[in-house]
Each structure stands twice: as structure tokens, then as C-alpha cells.
Amino acid sequence: NLVRHDKTYELKPEELPCPCCGKPRCKVSEAISEQLEFQPATLFVIRHIRYTYACQEAGCQPNMVTAPKPPQPIEKGVAGPGLLAFVAASKLADHLPLNRQEDILARFGVHVARSTQCDWMAACAQLVRPLYDLMLALALQSKVLGTDDTTVKLRDDQLDHTRTAYFRAYLGDDDHPYVCYDFTTSHSRDGPMKILKGFEGYLQGDAYSGYIHIANTSNGMIQHAGCWSHARRYFDRARTTPESDPVEQALAYISRLYRVEDEADELTSEGRTQLRQRKSVPILEAFREWLEKQQALPSSPFGEAIQYTLNHWESLCLFTTDGDIPLDNNRTEHALRQQVIGRLNWLFVGSERGGQTAAVLYTLVASCKRLRIDPFAYLRDVFDRLPNLTASDNLRDLLPDRWIEQHPKHRLAHREKETDQAKQRRRQRRARQRRVAKLKAN
């Protein structure tokens, strides 16, 4: 699908004569080989020329009028939608801090200060705020909402050092495939309570007291679902302690739960529930009975693992009652890799406003990644179309899952292929494990 530029190679006149008869040889075929080449991006200037009209009839007023220019992403700003999308995608999808982009743009022929780029990102976040609010509202309609948080350094002009702030992820289900973020300057439950106001369903996350409090005070509208991956980590930390043998037994119980999930991978929600009731529930009952018999110091790693698991047993077992509840919350933790990898590059957030800007734009970029959409192509179109939306236009057409249906060429096919291949490898590995387990049982 790429443009081809031909380079032809012919024999020199002195090479044309036939070595046998001496007459000139004629072209009879051609050998074609292709080489992939790269040309750096090009910055160019769009001149918006607005013609002015006037009446030229004698005795009449000029009544001059100038043709209007369509609304722009940043009014009176120098950056077009393509450049804005490039800066946003480079920072949030490719984790390039603005100071590096300053050097990259300089190589393209224009110096754009990082402070200017920062202002552009703030203006873009304000532009897409209605779309962000819509995506968050739809994600909160999910039956199962995953949530988690990660820390980030926040610069504070009142201090001689940075302080800790948080990015919180809210992951919708497959019917609402949006990854939404919020930025808070504290770890209190006020932030999640504000976001989750009105949410009804299963809230899956770690044992953070704020999530548990929100569920307990929701009059049954929210149920907190635990994460077996978090429980497993407590036991995994205890592997190097003297209680390594019972730790391995505990990990074996949890591995059996995951093997059941492997069998349920391609089942419907109802079929997954039935399988869990038939196989997972007996494993859980045996595991709890085994845990209650263990003797370990409460302050030891093994004792802490037992205490964590038993204290949150009800939420950890909630997945057996509904096939739509995942066994763990790993999918939400995966969504926070955006910030975990990004903070290794841009190091800190410059201000609270900068954190809120990043949360809004991260929502669009991470949702694109989840749906295997080219984030640059999506952002460029959104920045171009959003300023021109009128009351009759449907904002929902700019939702990533709807947008890609109208622009299938921007789907990242290689990422989908990688996902399909990974699924196939997992199925083959699980099939081998089941065959080995059956042979051992026999």
C-alpha cells in the first residue's frame, strides 16, 4: 500500500554487444527487488486566506464582509490538528517527554519550546473534555468496572522536593471499552467517591479501604470484587521464608483456580458461572479450610498472606457467582503501564493542572491502544472535527469504538495479529497441560 519510486538500471553502451555475434542485446525481462526507505516527517504551513467582499455599486455603502474561517483546535494558535496530535501521541503513547520533542521538532526545521507544547496539551485537554466526560459516563455503565491506581511525582513550587500524586484508572467492560483516568493529589477516597457517584455494579480492585468503604456505603448498589493476583503476590513474597513448603501449597491452590479459568476462557458468561460453581467452589472451600489450619506468626510474610486472604475472602470468592467477573484485576493494572513507563521518561508532573491534562488525554490514547487503533490518526481527526461540532452533531461518533468502524484502515492489524497468536499459544499450552494432568491422574 506504499508509494513506489522506481530506479532503473541499464547496461552501458559498451556492455550491450553480444560476446558471440557482437550485435546489441535487447531487453527481454526485468528483475525487480524492493527496499523499504524512510523520509523524515515534514513541517509545513497552511495559509488560511479569507477573502473580503464589498459592494462596488455607485452610491451604495461598501458593506464589506470577510469569509469566516472554520473553528480551530486552538483559536489564534499556530499549531494545526496534525501537529497537536503528533505531540500528544508522542508523549502519551510513545512516552517521549516534551523536552525531547523540542529537539525532534528542531531537527524538522522549527524550534517549539516545551512550555509552548505544554500549553498546547492543556488546550487540547480542554477541547476534548466533553468527549472525555462521555467516555467516563459510558464506562461507569459497565457491569464490572476495574479500578486501580499508581503513584507519580508532582512538582510543588512551595516545596524544595516533589510530592506524591496518583493516576487512577477506571476500566470499562467489553460493552464499554474505554480506559478512563483521573488525577488526584492524595490517596484518600474522595477522588474515587466523586468518580463513582451513581455507579451500580461490581467494582473490582485491590483491598484499598476506599473501594471497600464505597461498596459498604452504597446500600448494595456496588459490590467489591477482590483480585486473586493481589492475594497471590502476598504468598509469592513469602517464598524465601522458612515456611516455603506451605507457601508452595498455597500457590498450588491458586494455580488450580487459574487452570479452571483456562477451561472457561471461551465459554459464555452462564457457562463460566456453572464451571466455576462445579470446579472453583470446591477448590476454594478446601483452600480456606487449609488456611485456617496453618500456624504462622501474624507478622511473618506467610502470616500476612494468610491474614490478607481470609480478611477479604468474601470479595475474593465473588467471582464464582457471576461469570462476567474476572478472577483478577490484571487488565486494569495493565492499563496503568502507560503511566508507569511514562514516568521513567518524563520523571514528574509539572503541576496539578498538568496531571489533569494528562489524565484526559491518556484516556483517549489508552482507549485507542485497547482497541488497536492508531492514536495519532484518531487524535488528528478528533482535534480537527471537534471544534466544528454543532448541537445537531453526535459526539458519540467520535468515541474510539465507533470511530474505528468508519476508519478501518487505521486499525493496527499487526497488534491484532500478535494478540491472536498469543491466544493461540495459550490455548495450545493449556491443552498440553490438561493432557499431562490427565495422564498423571490415570
# chains A, B, ... in the order shown; residues from 1 in each chain; ligands from 1
>>> residues_around(residues="Cys55 in chain A", least_positions_apart="6", cutoff="12 Å", atoms="only C-alpha atoms", output="MDAnalysis selection string")
chainID A and resid 61:65
>>> residues_around(residues="Leu134 in chain A", least_positions_apart="5", cutoff="9 Å", atoms="only C-alpha atoms", output="number ranges by chain")
A: 129, 139, 395-396, 399
>>> select_by_dssp(residues="range 161-395 of chain A", states="strand (DSSP E)", output="PyMOL selection string")
chain A and resi 163-171+179-184+201-204+222-225
>>> residues_around(residues="Ser367 in chain A", least_positions_apart="4", cutoff="8 Å", atoms="only C-alpha atoms", output="ChimeraX atom specification")
/A:177-180,363,371,400
>>> closest_atom_pairs(of="range 286-359 of chain A", to="range 209-232 of chain A", cutoff="12 Å", atoms="only C-alpha atoms", output="JSON lines")
{"residue": "A:Phe302", "atom": "CA", "partner": "A:Arg232", "partner_atom": "CA", "distance": 11.2}
{"residue": "A:Glu304", "atom": "CA", "partner": "A:Ala231", "partner_atom": "CA", "distance": 10.2}
{"residue": "A:Ala305", "atom": "CA", "partner": "A:Ala231", "partner_atom": "CA", "distance": 7.0}
{"residue": "A:Ile306", "atom": "CA", "partner": "A:Ala231", "partner_atom": "CA", "distance": 8.9}
{"residue": "A:Gln307", "atom": "CA", "partner": "A:Ala231", "partner_atom": "CA", "distance": 10.0}
{"residue": "A:Tyr308", "atom": "CA", "partner": "A:Ala231", "partner_atom": "CA", "distance": 7.0}
{"residue": "A:Thr309", "atom": "CA", "partner": "A:Ala231", "partner_atom": "CA", "distance": 6.0}
{"residue": "A:Leu310", "atom": "CA", "partner": "A:Ala231", "partner_atom": "CA", "distance": 9.8}
{"residue": "A:Asn311", "atom": "CA", "partner": "A:Ala231", "partner_atom": "CA", "distance": 10.8}
{"residue": "A:His312", "atom": "CA", "partner": "A:Gly226", "partner_atom": "CA", "distance": 7.2}
{"residue": "A:Trp313", "atom": "CA", "partner": "A:Gly226", "partner_atom": "CA", "distance": 8.2}
{"residue": "A:Glu314", "atom": "CA", "partner": "A:Gly226", "partner_atom": "CA", "distance": 8.2}
{"residue": "A:Ser315", "atom": "CA", "partner": "A:Gly226", "partner_atom": "CA", "distance": 4.7}
{"residue": "A:Leu316", "atom": "CA", "partner": "A:Gly226", "partner_atom": "CA", "distance": 4.3}
{"residue": "A:Cys317", "atom": "CA", "partner": "A:Gly226", "partner_atom": "CA", "distance": 7.6}
{"residue": "A:Leu318", "atom": "CA", "partner": "A:Ala225", "partner_atom": "CA", "distance": 5.9}
{"residue": "A:Phe319", "atom": "CA", "partner": "A:Ala225", "partner_atom": "CA", "distance": 7.0}
{"residue": "A:Thr320", "atom": "CA", "partner": "A:Ala225", "partner_atom": "CA", "distance": 10.4}
{"residue": "A:Thr321", "atom": "CA", "partner": "A:Ala225", "partner_atom": "CA", "distance": 10.7}
{"residue": "A:Asp322", "atom": "CA", "partner": "A:Ala225", "partner_atom": "CA", "distance": 10.7}
{"residue": "A:Asp324", "atom": "CA", "partner": "A:Ala225", "partner_atom": "CA", "distance": 11.2}
{"residue": "A:Ile325", "atom": "CA", "partner": "A:Ala225", "partner_atom": "CA", "distance": 7.7}
{"residue": "A:Pro326", "atom": "CA", "partner": "A:Cys227", "partner_atom": "CA", "distance": 8.3}
{"residue": "A:Leu327", "atom": "CA", "partner": "A:Trp228", "partner_atom": "CA", "distance": 6.2}
{"residue": "A:Asp328", "atom": "CA", "partner": "A:Cys227", "partner_atom": "CA", "distance": 4.2}
{"residue": "A:Asn329", "atom": "CA", "partner": "A:Cys227", "partner_atom": "CA", "distance": 5.5}
{"residue": "A:Asn330", "atom": "CA", "partner": "A:Ser229", "partner_atom": "CA", "distance": 7.2}
{"residue": "A:Arg331", "atom": "CA", "partner": "A:Ser229", "partner_atom": "CA", "distance": 10.8}
{"residue": "A:Thr332", "atom": "CA", "partner": "A:Cys227", "partner_atom": "CA", "distance": 10.8}
{"residue": "A:Glu333", "atom": "CA", "partner": "A:Ser229", "partner_atom": "CA", "distance": 10.4}
>>> select_by_dssp(residues="range 114-283 of chain A", states="alpha helix (DSSP H)", output="PyMOL selection string")
chain A and resi 114-127+129-139+190-195+209-216+228-237+244-263+269-275+281-283
>>> write_last_selection(atoms="C-alpha atoms", output="PDB file, in the first residue's frame")
ATOM      1  CA  ARG A 114       8.492  22.772  25.628  1.00  0.00           C
ATOM      2  CA  SER A 115       6.489  25.414  27.511  1.00  0.00           C
ATOM      3  CA  THR A 116       4.569  26.141  24.314  1.00  0.00           C
ATOM      4  CA  GLN A 117       3.908  22.435  23.781  1.00  0.00           C
ATOM      5  CA  CYS A 118       2.684  22.202  27.374  1.00  0.00           C
ATOM      6  CA  ASP A 119       0.176  24.994  26.701  1.00  0.00           C
ATOM      7  CA  TRP A 120      -0.956  23.175  23.552  1.00  0.00           C
ATOM      8  CA  MET A 121      -1.656  19.990  25.535  1.00  0.00           C
ATOM      9  CA  ALA A 122      -3.683  21.916  28.121  1.00  0.00           C
ATOM     10  CA  ALA A 123      -5.767  23.494  25.341  1.00  0.00           C
ATOM     11  CA  CYS A 124      -6.296  20.076  23.703  1.00  0.00           C
ATOM     12  CA  ALA A 125      -7.455  18.579  27.003  1.00  0.00           C
ATOM     13  CA  GLN A 126      -9.964  21.395  27.372  1.00  0.00           C
ATOM     14  CA  LEU A 127     -11.127  20.805  23.796  1.00  0.00           C
ATOM     15  CA  ARG A 129     -13.216  17.393  27.778  1.00  0.00           C
ATOM     16  CA  PRO A 130     -16.819  16.727  26.573  1.00  0.00           C
ATOM     17  CA  LEU A 131     -15.618  13.544  24.865  1.00  0.00           C
ATOM     18  CA  TYR A 132     -13.726  12.513  27.999  1.00  0.00           C
ATOM     19  CA  ASP A 133     -16.835  13.067  30.148  1.00  0.00           C
ATOM     20  CA  LEU A 134     -18.899  10.965  27.747  1.00  0.00           C
ATOM     21  CA  MET A 135     -16.366   8.105  27.777  1.00  0.00           C
ATOM     22  CA  LEU A 136     -16.242   8.136  31.580  1.00  0.00           C
ATOM     23  CA  ALA A 137     -20.042   8.162  31.840  1.00  0.00           C
ATOM     24  CA  LEU A 138     -20.282   5.182  29.483  1.00  0.00           C
ATOM     25  CA  ALA A 139     -17.520   3.285  31.306  1.00  0.00           C
ATOM     26  CA  ASP A 190     -12.675  11.422  47.984  1.00  0.00           C
ATOM     27  CA  GLY A 191     -11.405  11.046  44.417  1.00  0.00           C
ATOM     28  CA  PRO A 192     -12.961   7.615  43.756  1.00  0.00           C
ATOM     29  CA  MET A 193     -16.187   8.610  45.508  1.00  0.00           C
ATOM     30  CA  LYS A 194     -16.568  11.595  43.184  1.00  0.00           C
ATOM     31  CA  ILE A 195     -15.947   9.485  40.072  1.00  0.00           C
ATOM     32  CA  SER A 209     -10.022   0.648  52.094  1.00  0.00           C
ATOM     33  CA  GLY A 210     -11.514   3.438  49.999  1.00  0.00           C
ATOM     34  CA  TYR A 211     -13.046   0.986  47.492  1.00  0.00           C
ATOM     35  CA  ILE A 212     -14.350  -1.222  50.289  1.00  0.00           C
ATOM     36  CA  HIS A 213     -15.903   1.790  52.044  1.00  0.00           C
ATOM     37  CA  ILE A 214     -17.590   2.911  48.828  1.00  0.00           C
ATOM     38  CA  ALA A 215     -19.089  -0.562  48.361  1.00  0.00           C
ATOM     39  CA  ASN A 216     -20.183  -0.868  52.016  1.00  0.00           C
ATOM     40  CA  TRP A 228      -6.614 -13.158  43.253  1.00  0.00           C
ATOM     41  CA  SER A 229      -3.494 -11.784  41.620  1.00  0.00           C
ATOM     42  CA  HIS A 230      -3.018  -9.470  44.619  1.00  0.00           C
ATOM     43  CA  ALA A 231      -3.593 -12.360  47.039  1.00  0.00           C
ATOM     44  CA  ARG A 232      -1.102 -14.492  45.148  1.00  0.00           C
ATOM     45  CA  ARG A 233       1.578 -11.788  45.441  1.00  0.00           C
ATOM     46  CA  TYR A 234       1.449 -11.973  49.228  1.00  0.00           C
ATOM     47  CA  PHE A 235       2.215 -15.689  49.105  1.00  0.00           C
ATOM     48  CA  ASP A 236       4.841 -15.178  46.404  1.00  0.00           C
ATOM     49  CA  ARG A 237       6.731 -12.738  48.667  1.00  0.00           C
ATOM     50  CA  SER A 244       8.418 -22.186  51.895  1.00  0.00           C
ATOM     51  CA  ASP A 245       6.739 -25.607  51.764  1.00  0.00           C
ATOM     52  CA  PRO A 246       3.268 -24.428  52.883  1.00  0.00           C
ATOM     53  CA  VAL A 247       3.691 -21.343  50.709  1.00  0.00           C
ATOM     54  CA  GLU A 248       4.124 -23.562  47.669  1.00  0.00           C
ATOM     55  CA  GLN A 249       0.966 -25.445  48.670  1.00  0.00           C
ATOM     56  CA  ALA A 250      -0.962 -22.177  48.871  1.00  0.00           C
ATOM     57  CA  LEU A 251       0.310 -21.140  45.447  1.00  0.00           C
ATOM     58  CA  ALA A 252      -0.732 -24.545  44.114  1.00  0.00           C
ATOM     59  CA  TYR A 253      -4.317 -23.937  45.297  1.00  0.00           C
ATOM     60  CA  ILE A 254      -4.364 -20.589  43.487  1.00  0.00           C
ATOM     61  CA  SER A 255      -2.867 -22.158  40.357  1.00  0.00           C
ATOM     62  CA  ARG A 256      -5.760 -24.624  40.316  1.00  0.00           C
ATOM     63  CA  LEU A 257      -8.178 -21.672  40.248  1.00  0.00           C
ATOM     64  CA  TYR A 258      -6.373 -20.239  37.234  1.00  0.00           C
ATOM     65  CA  ARG A 259      -6.483 -23.599  35.461  1.00  0.00           C
ATOM     66  CA  VAL A 260     -10.254 -23.578  35.816  1.00  0.00           C
ATOM     67  CA  GLU A 261     -10.277 -20.122  34.253  1.00  0.00           C
ATOM     68  CA  ASP A 262      -8.243 -21.507  31.356  1.00  0.00           C
ATOM     69  CA  GLU A 263     -11.020 -24.005  30.688  1.00  0.00           C
ATOM     70  CA  SER A 269     -20.929 -15.958  30.989  1.00  0.00           C
ATOM     71  CA  GLU A 270     -23.508 -18.522  32.074  1.00  0.00           C
ATOM     72  CA  GLY A 271     -21.261 -21.422  31.140  1.00  0.00           C
ATOM     73  CA  ARG A 272     -18.354 -19.830  33.016  1.00  0.00           C
ATOM     74  CA  THR A 273     -20.514 -19.446  36.125  1.00  0.00           C
ATOM     75  CA  GLN A 274     -21.558 -23.095  36.013  1.00  0.00           C
ATOM     76  CA  LEU A 275     -17.981 -24.257  35.559  1.00  0.00           C
ATOM     77  CA  VAL A 281     -16.022 -23.568  44.648  1.00  0.00           C
ATOM     78  CA  PRO A 282     -14.687 -26.937  45.942  1.00  0.00           C
ATOM     79  CA  ILE A 283     -11.111 -25.662  45.485  1.00  0.00           C
TER      80      ILE A 283
END
>>> closest_residue(among="A:Asp393, A:Ala264, A:Lys12, A:Ala441", to="Arg276 in chain A", atoms="only C-alpha atoms")
A:Ala264
>>> residues_around(residues="Lys153 in chain A", least_positions_apart="6", cutoff="9 Å", atoms="only C-alpha atoms", output="number ranges by chain")
A: 162-166, 343, 347-350
>>> atom_distance(atom1="CA of Ala67 in chain A", atom2="CA of Thr390 in chain A")
19.1 Å
>>> residues_around(residues="range 150-152 of chain A", least_positions_apart="3", cutoff="12 Å", atoms="only C-alpha atoms", output="PyMOL selection string")
chain A and resi 147+155+162-169+181-187+332-352+355+358
>>> atom_distance(atom1="CA of Asp206 in chain A", atom2="CA of Val360 in chain A")
23.6 Å
>>> residues_around(residues="range 25-37 of chain A", least_positions_apart="5", cutoff="12 Å", atoms="only C-alpha atoms", output="count of residues only")
19
>>> closest_residue(among="A:Lys197, A:Arg50, A:Lys369, A:His410", to="Thr66 in chain A", atoms="only C-alpha atoms")
A:Arg50
>>> residues_around(residues="Lys293 in chain A", least_positions_apart="2", cutoff="12 Å", atoms="only C-alpha atoms", output="mmCIF file with N, CA and C atoms, in the first residue's frame")
data_model
loop_
_atom_site.group_PDB
_atom_site.id
_atom_site.type_symbol
_atom_site.label_atom_id
_atom_site.label_comp_id
_atom_site.auth_asym_id
_atom_site.auth_seq_id
_atom_site.Cartn_x
_atom_site.Cartn_y
_atom_site.Cartn_z
ATOM 1 N N PRO A 246 4.696 -24.783 52.905
ATOM 2 C CA PRO A 246 3.268 -24.428 52.883
ATOM 3 C C PRO A 246 2.955 -23.294 51.904
ATOM 4 N N ALA A 286 -11.730 -26.029 50.059
ATOM 5 C CA ALA A 286 -10.573 -26.774 50.569
ATOM 6 C C ALA A 286 -9.441 -25.815 50.939
ATOM 7 N N PHE A 287 -9.256 -24.764 50.145
ATOM 8 C CA PHE A 287 -8.195 -23.788 50.403
ATOM 9 C C PHE A 287 -8.439 -23.052 51.715
ATOM 10 N N ARG A 288 -9.670 -22.645 51.955
ATOM 11 C CA ARG A 288 -9.957 -21.925 53.196
ATOM 12 C C ARG A 288 -9.760 -22.827 54.411
ATOM 13 N N GLU A 289 -10.221 -24.046 54.309
ATOM 14 C CA GLU A 289 -10.032 -24.990 55.422
ATOM 15 C C GLU A 289 -8.541 -25.195 55.693
ATOM 16 N N TRP A 290 -7.755 -25.276 54.626
ATOM 17 C CA TRP A 290 -6.309 -25.454 54.785
ATOM 18 C C TRP A 290 -5.672 -24.214 55.415
ATOM 19 N N LEU A 291 -6.103 -23.022 54.982
ATOM 20 C CA LEU A 291 -5.546 -21.785 55.524
ATOM 21 C C LEU A 291 -5.829 -21.651 57.015
ATOM 22 N N GLN A 295 -0.395 -22.512 60.961
ATOM 23 C CA GLN A 295 0.098 -21.775 62.114
ATOM 24 C C GLN A 295 1.321 -20.968 61.670
ATOM 25 N N ALA A 296 1.164 -19.666 61.701
ATOM 26 C CA ALA A 296 2.249 -18.784 61.289
ATOM 27 C C ALA A 296 2.155 -17.484 62.075
ATOM 28 N N GLY A 303 2.267 -15.292 57.346
ATOM 29 C CA GLY A 303 1.123 -14.920 58.176
ATOM 30 C C GLY A 303 0.339 -13.759 57.582
ATOM 31 N N ILE A 306 -1.786 -15.090 54.718
ATOM 32 C CA ILE A 306 -2.985 -15.787 55.207
ATOM 33 C C ILE A 306 -4.017 -14.783 55.693
ATOM 34 N N LEU A 310 -7.832 -14.334 54.129
ATOM 35 C CA LEU A 310 -9.020 -14.621 54.935
ATOM 36 C C LEU A 310 -9.830 -13.357 55.214
#
